[in-house]
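Notes for the one structure printed next.
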Amino acid sequence: MTRGVRPWWLAALLLAGCARNAVLELEIDLPRPAGRITHAVVQARSGAGFDGDWSQVPAVAVPLDASCVRPEPAPACRDRELDARCSAVVSVVAGEAELAPPLSVRVRFCADASCTAPAAPAEHRVAIERAFYRGRYTQARTCIDALPTDPAPPAEPIARCEVRCRDGTAASYCRLDGTHFCEE
Amino acid sequence: MTLDPRLVLTAALLAGSALVSRATAQTLPEPPVDPSPAEIARGRDAFVEGMAHARAERWARARTCFTRSYRLSGSPVALFNLASTLRSMGRYVAARDAFDRLLSNASIDVQTQRAAERMRAEVAARVARLQVRGVPPGPARVEVDGATRPAVRERPVALWLDPGAHAVAIALGARAWRWRGTLGEGGSRTIDAVFDAPEAADEPGEGPDDPTPWIVLGGAAGAVLALVIGAVVADAEAQLDPRSPHVLELP
């Protein structure tokens, strides 16, 4: 009996606690709506960069809030206390294959949630060197204080060591040996 | 830090009339709407006793007495002294709230109002703020230093705490996040909460770690089966769930 069930024991031990995915919580500080622009539409993909077709990439829409008011001058992006009226957190869920490649994020500004006809041919781009670590929640932040005007802007880089994964703030989220806090 | 003697004496001089004339003006939930003469008399006695403790800087006893006096009489003067005592004890959040209650009372005299406003500003500047981000949507159960607070729906979760060491726990459903740390006077700290999947060991009497049912069954096969089921459940729960309403699954 015992000999017969031993493989089940092993299977149980191997299965327990093995998260295979990872979640990046991307904090986006957003501008107020203007004119026909009422939504920010966020897309993200792993490894493929910004060139090429994005039409099949899933998107999530965040309504812009007219009651958003920022102090003048606005604090540095990393020092801000995000106001729910001016910001959103988008959870980007990655599977095993998407953990290591760079993450490309587009934020378009549209007249509706489906963004069938972008109200402005401009977007904000973010390139995250490494956003995910298996079994970990990570956080990164981008601040878009004004509606962008460039349809193909250079991507805002977020370095690997700027991606957070633990309490509090730090100048870097990498150890002295260069490994990330999220790495075991 | 000591109680302001001038204010205490002022309060004492006012106490006799205030206990009678202002008690019914109270709109706060704790004090009586219409205290009886016996309650007012007991409230006055408690006030006098509290004054003696305050002069001797026995703050805990003073607090007990002023609290009893306020509950019995509804006197704003008792409330003033309670707030002042809380300030002396370093209970700045409670002191601030007590001053707020007092200042919401339109019947207090100008001198008391000004003193309360000044002391309220002083204690408010010492209150520390803990902001917790990453708490999933929904009514969050918040426990601070072992005391449960009303459910919080606002995000991020903001807590006003006295400076010093604290233990904070926030729970949503079966998921919880805990934090221990120290806050400085007037400090503000922002923390990104990570809600880990619940551990079977945290649920007493439940799940495959509870041996009792298996002892009853007396079979190793049953125990193994439970372990397998538990492992599968743990595996499913170990998959990280998005914590914000806006979710993107990478293609």
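Please note that chains go A, B, ... in the order of the structure tokens, that every chain numbers its residues from 1, and that ligands are numbered from 1 in the order shown.
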Residue neighbourhood A:Glu129, 9 Å, only C-alpha atoms, exclusion window fewer than 5 positions, as a PDB file with C-alpha atoms, in the first residue's frame:
ATOM      1  CA  ALA A 100      12.208  37.298 -18.994  1.00  0.00           C
ATOM      2  CA  PRO A 101      11.747  39.308 -22.213  1.00  0.00           C
ATOM      3  CA  PRO A 102      11.315  43.083 -22.071  1.00  0.00           C
ATOM      4  CA  LEU A 103       7.762  44.293 -21.736  1.00  0.00           C
ATOM      5  CA  SER A 104       6.404  46.894 -24.130  1.00  0.00           C
ATOM      6  CA  PRO A 157      12.683  53.132 -20.255  1.00  0.00           C
ATOM      7  CA  ILE A 158      12.184  51.456 -16.903  1.00  0.00           C
ATOM      8  CA  ALA A 159      15.300  49.593 -15.933  1.00  0.00           C
ATOM      9  CA  ARG A 160      15.236  46.196 -14.279  1.00  0.00           C
ATOM     10  CA  CYS A 161      16.363  47.652 -10.970  1.00  0.00           C
ATOM     11  CA  VAL A 163      10.924  47.526 -10.837  1.00  0.00           C
TER      12      VAL A 163
END
| message | Based on the backbone DSSP call, show me all residues of stretch 6-164 of chain A assigned strand (DSSP E), as number ranges by chain. | response | A: 22-29, 39-46, 59-63, 87-94, 103-110, 123-128, 137-143, 156-158
| said: List as an MDAnalysis selection string the protein and nucleic acid residues near B:Leu159, meaning an atom at most 8 Å away when only C-alpha atoms are counted, but skip any in the same chain fewer than 2 places from it. | reply: chainID B and resid 129:131 157 161
| message | Give me, as a PyMOL selection string, the residues of stretch 10-167 of chain A that a backbone DSSP run labels alpha helix (DSSP H). | response | chain A and resi 10-15
Got time to write the residues from that selection, C-alpha atoms, as a PDB file, in the first residue's frame?
ATOM      1  CA  LEU A  10       6.178  13.009  -4.644  1.00  0.00           C
ATOM      2  CA  ALA A  11       3.588  14.564  -6.929  1.00  0.00           C
ATOM      3  CA  ALA A  12       2.044  16.365  -4.002  1.00  0.00           C
ATOM      4  CA  LEU A  13       5.353  17.773  -2.872  1.00  0.00           C
ATOM      5  CA  LEU A  14       6.262  18.874  -6.357  1.00  0.00           C
ATOM      6  CA  LEU A  15       2.930  20.542  -6.950  1.00  0.00           C
TER       7      LEU A  15
END
Just want the 10 Å neighbourhood of A:Arg141, counted on only C-alpha atoms, with same-chain residues fewer than 6 positions away dropped. Output as a JSON list (two decimals) with C-alpha atoms, in the first residue's frame.
[["chain", "number", "residue", "atom", "x", "y", "z"],
["A", 25, "GLU", "CA", 1.14, 46.13, -11.22],
["A", 26, "LEU", "CA", 1.71, 49.03, -13.54],
["A", 27, "GLU", "CA", 0.82, 52.31, -11.90],
["A", 28, "ILE", "CA", -0.15, 54.90, -14.46],
["A", 29, "ASP", "CA", -0.60, 58.51, -13.50],
["A", 77, "CYS", "CA", 6.94, 60.54, -10.56],
["A", 78, "ARG", "CA", 8.41, 58.13, -8.05],
["A", 89, "VAL", "CA", -3.21, 50.35, -11.67],
["A", 126, "VAL", "CA", 7.01, 52.35, -21.81],
["A", 158, "ILE", "CA", 12.18, 51.46, -16.90],
["A", 162, "GLU", "CA", 13.57, 50.23, -10.97],
["A", 163, "VAL", "CA", 10.92, 47.53, -10.84],
["A", 164, "ARG", "CA", 9.72, 47.14, -7.27]]
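From atom CA of B:Ala95 back to atom CA of B:Glu57, the distance works out to 16.5 Å.
Among the candidates B:Ala56, B:Leu103, B:Met51, B:Leu183, the one nearest to B:Leu82 when counting only C-alpha atoms is B:Met51.
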| request: Just the residues within 12 Å of stretch 45-50 of chain A, please, counting only C-alpha atoms, with nothing from its chain fewer than 4 positions along; format it as an MDAnalysis selection string. | output: (chainID A and resid 54:59 92:107 123:132 151:156) or (chainID B and resid 248:251)
| request: For atom CA of B:Pro136 and atom CA of A:Ser91, determine how far apart the two atoms are, in Å to one decimal place. | output: 11.1 Å
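The spacing separating atom CA of B:Ile170 from atom CA of A:Ala140 amounts to 22.6 Å.
You can rank B:Gly146, B:Pro31, B:Pro137, B:Pro245 by their closest distance to B:Arg178 using only C-alpha atoms, and at the top of that list sits B:Gly146.
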| field | Spatial neighbours of B:Val135, 9 Å, only C-alpha atoms, chain gap at least 3 places, as a ChimeraX atom specification | value | /B:132,138,140,155-157,170-172,177,192-195,243-244
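Considering the residues A:Val62, A:Ala171, A:Cys68, A:Leu30 and counting only C-alpha atoms, chain B has its shortest atom-to-atom contact with A:Val62.
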